[in-house]
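Chemist: Take this structure first; my questions come after.
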Amino acid sequence: MRRARLIYNPTSGREEMKRRLADVLQRLDSAGIEASCHATTGEGDAAREAAEAVDRGYDLIIAAGGDGTLNEVVNGMAEKENLPPLGVFPVGTTNDFARALGISKNWEEYCDLVIRGETRPIDVGKANDRYFINIAGGGTLTELTYEVPSRLKTMIGQLAYYLKGLEKMVSLAPQELIINASGQDAIHDEFMVFLIANSNSVGGFERLAPGASIDDGLFDVIAVRKCNLAEFVRLVTLALRGEHVNDKKVIHFRTDYMEVVSPGLVQLNLDGEYGGDLPGTFRILPQHLRIFA
């Protein structure tokens with residue numbers, strides 16, 4: 001019998017996993033997967049639990065929550081050897097990573113996929129000494145994902161991000177960045193935002209990095225040069241259709257290694273969570289993890 005450790009955020013997605021927990025455990029158990037669970041209690045708890053699950057030799061780990069919960073679980077696992085495959089129940093607000101891999105939000109369908117053992121390898125990003133699975137970035141707008149109170153996200157979902165985004169756009173300001181990436185000339189300019197994408201789905205935009213692939217060993221980098229509010233809104237409109245990458249205000253390239261520094265304070269966002277401040281060194285770990293997908 002296989003052993004599974006289910007690590008879930010009890011407040012994610014309007015507390016959906018709390019309601020489904022008994023059904024999920026029963027479905028896995030009936031297929032020969034002995035599953036135990038752990039409800040996260042605060043920041044860093046999911047990472048600690050994931051690390052312990054690897055050390056205790058679980059055959060698979062399942063993260064149930066949003067992108068932030070998934071990020072913590074990946075950080076708990078990434079440094080370990082002989083990693084078990086990871087499952088993802090997407091019950092968060094945006095679920096960018098699950099959307100990029102086409103992971104079903106139907107819990108029964110996803111349980112059956114885990115039971116069948118269908119996995120695929122994926123790249124993992126490393127930012128300084130932390131890991132990310134979907135996106136790293138910096139700039140005023142990237143701060144909104146971890147500034148929205150978790151209770152508000154539980155109550156009104158995606159709308160919480162839109163409200164915070166409108167608030168941020170009023171005070172949108174460029175930041176001076178120096179970008180050095182393998183295969184690219186050095187870039188020194190003022191930018192509104194920079195994003196290092198491991199998949200095509202970022203911040204609810206499914207075409208923000210239209211050519212990105214989760215297993216190609218490369219990041220897709222998108223940086224928006226200094227512009228006014230009207231120009232920025234125009235770029236957002238283009239991004240909805242995936243037509244922004246050729247705009248003169250946008251820098252787009254692919255790389256497996258990148259360094260970013262700034263003379264000012266620039267906070268990092270890793271999978272929707274605060275990830276420290278610049279300077280930042282970003283490298284990709286090709287096909288470092290297997291995901292049930």
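In the structure tokens, chains take the letters A, B, ... in the order shown, each chain's residues start at 1, and ligands count up from 1 in the order shown.
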Listing only residues of segment 47-137 of chain A within 9 Å of segment 204-219 of chain A, what is the closest atom pair and its distance in Å (to one decimal) for each, using only C-alpha atoms, sorted by chain and residue number ascending, as JSON lines?
Modeler:
{"residue": "A:Thr94", "atom": "CA", "partner": "A:Gly204", "partner_atom": "CA", "distance": 5.9}
{"residue": "A:Asn95", "atom": "CA", "partner": "A:Gly204", "partner_atom": "CA", "distance": 7.9}
{"residue": "A:Asp96", "atom": "CA", "partner": "A:Gly204", "partner_atom": "CA", "distance": 6.2}
{"residue": "A:Arg99", "atom": "CA", "partner": "A:Glu206", "partner_atom": "CA", "distance": 8.1}
{"residue": "A:Ala100", "atom": "CA", "partner": "A:Glu206", "partner_atom": "CA", "distance": 7.5}
{"residue": "A:Leu101", "atom": "CA", "partner": "A:Ile214", "partner_atom": "CA", "distance": 8.1}
{"residue": "A:Arg120", "atom": "CA", "partner": "A:Asp215", "partner_atom": "CA", "distance": 8.9}
{"residue": "A:Pro121", "atom": "CA", "partner": "A:Asp215", "partner_atom": "CA", "distance": 6.7}
{"residue": "A:Ile122", "atom": "CA", "partner": "A:Asp215", "partner_atom": "CA", "distance": 4.8}
{"residue": "A:Asp123", "atom": "CA", "partner": "A:Asp215", "partner_atom": "CA", "distance": 5.2}
{"residue": "A:Val124", "atom": "CA", "partner": "A:Ile214", "partner_atom": "CA", "distance": 8.4}
{"residue": "A:Gly125", "atom": "CA", "partner": "A:Phe219", "partner_atom": "CA", "distance": 8.3}
{"residue": "A:Ile133", "atom": "CA", "partner": "A:Ile214", "partner_atom": "CA", "distance": 8.8}
{"residue": "A:Asn134", "atom": "CA", "partner": "A:Ile214", "partner_atom": "CA", "distance": 8.2}
Chemist: Would you kindly return, as a list in words, each protein, DNA or RNA residue with an atom no farther than 8 Å from any atom of Gly87 of chain A, considering only C-alpha atoms and excluding same-chain residues fewer than 4 positions away?
Modeler: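 Listing them by chain and then by number gives Leu60, Ile61, Ile62, Ala63, Val114, Ile291, Phe292 and Ala293 of chain A.
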Chemist: Would you give me, as a ChimeraX atom specification, the residues in segment 13-148 of chain A that DSSP reads as alpha helix (DSSP H)?
Modeler: /A:16-30,45-55,67-77,96-101,107-116,144-147
Chemist: May I have the residues within 9 Å of Ala39 of chain A as JSON, numbers by chain, using only C-alpha atoms and disregarding those fewer than 5 positions away in the same chain?
Modeler: {"A": [6, 7, 8, 9, 10, 45, 46]}
Chemist: Convert the current residue selection to file output with N, CA, C and O atoms, as a PDB file, in the first residue's frame.
Modeler:
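Wrote it out as out_17.pdb, contents follow:
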ATOM      1  N   LEU A   6      -1.142  14.418   2.804  1.00  0.00           N
ATOM      2  CA  LEU A   6      -1.924  15.522   2.256  1.00  0.00           C
ATOM      3  C   LEU A   6      -1.740  16.739   3.152  1.00  0.00           C
ATOM      4  O   LEU A   6      -2.107  16.723   4.333  1.00  0.00           O
ATOM      5  N   ILE A   7      -1.142  17.792   2.586  1.00  0.00           N
ATOM      6  CA  ILE A   7      -0.901  19.033   3.318  1.00  0.00           C
ATOM      7  C   ILE A   7      -1.858  20.081   2.765  1.00  0.00           C
ATOM      8  O   ILE A   7      -1.783  20.418   1.584  1.00  0.00           O
ATOM      9  N   TYR A   8      -2.773  20.570   3.585  1.00  0.00           N
ATOM     10  CA  TYR A   8      -3.792  21.463   3.059  1.00  0.00           C
ATOM     11  C   TYR A   8      -3.920  22.740   3.883  1.00  0.00           C
ATOM     12  O   TYR A   8      -3.698  22.752   5.094  1.00  0.00           O
ATOM     13  N   ASN A   9      -4.272  23.812   3.163  1.00  0.00           N
ATOM     14  CA  ASN A   9      -4.538  25.102   3.793  1.00  0.00           C
ATOM     15  C   ASN A   9      -6.031  25.167   4.096  1.00  0.00           C
ATOM     16  O   ASN A   9      -6.844  25.219   3.174  1.00  0.00           O
ATOM     17  N   PRO A  10      -6.425  25.184   5.359  1.00  0.00           N
ATOM     18  CA  PRO A  10      -7.851  25.116   5.688  1.00  0.00           C
ATOM     19  C   PRO A  10      -8.637  26.361   5.302  1.00  0.00           C
ATOM     20  O   PRO A  10      -9.868  26.324   5.277  1.00  0.00           O
ATOM     21  N   ASP A  45       4.674  26.611   7.837  1.00  0.00           N
ATOM     22  CA  ASP A  45       4.242  25.311   8.341  1.00  0.00           C
ATOM     23  C   ASP A  45       4.191  24.262   7.240  1.00  0.00           C
ATOM     24  O   ASP A  45       4.598  23.114   7.431  1.00  0.00           O
ATOM     25  N   ALA A  46       3.687  24.640   6.053  1.00  0.00           N
ATOM     26  CA  ALA A  46       3.602  23.685   4.941  1.00  0.00           C
ATOM     27  C   ALA A  46       4.985  23.226   4.501  1.00  0.00           C
ATOM     28  O   ALA A  46       5.183  22.051   4.160  1.00  0.00           O
TER      29      ALA A  46
END
Chemist: Within 6 Å of Val73 of chain A, counting only C-alpha atoms, which residues qualify if same-chain residues fewer than 2 places away don't, as JSON, numbers by chain?
Modeler: {"A": [46, 47, 50, 70, 71, 75, 76]}
Chemist: Tell me which of A:Gly276, A:Gly138, A:Pro84, A:Pro174 sits closest to Gly57 of chain A, counting only C-alpha atoms.
Modeler: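 For Gly57 of chain A, the nearest of the given residues is A:Pro84.
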Chemist: Provide the atom CA of Arg2 of chain A to atom CA of Glu43 of chain A distance in Å, to one decimal place.
Modeler: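 Interatomic distance, atom CA of Arg2 of chain A to atom CA of Glu43 of chain A: 28.8 Å.
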Chemist: With only C-alpha atoms as the atoms that count, which of A:Phe194, A:Phe132, A:Phe232, A:Phe253 lies nearest to Tyr274 of chain A?
Modeler: A:Phe132
Chemist: What separation in Å, quoted to one decimal, exists between atom CA of Thr11 of chain A and atom CA of Gly137 of chain A?
Modeler: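 Atom CA of Gly137 of chain A lies at a distance of 25.2 Å from atom CA of Thr11 of chain A.
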Chemist: So which one's closest to Asp189 of chain A, A:Tyr131, A:Met258, A:Glu243, A:Pro263? Using only C-alpha atoms, please.
Modeler: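 Counting only C-alpha atoms, the residue closest to Asp189 of chain A is A:Pro263.
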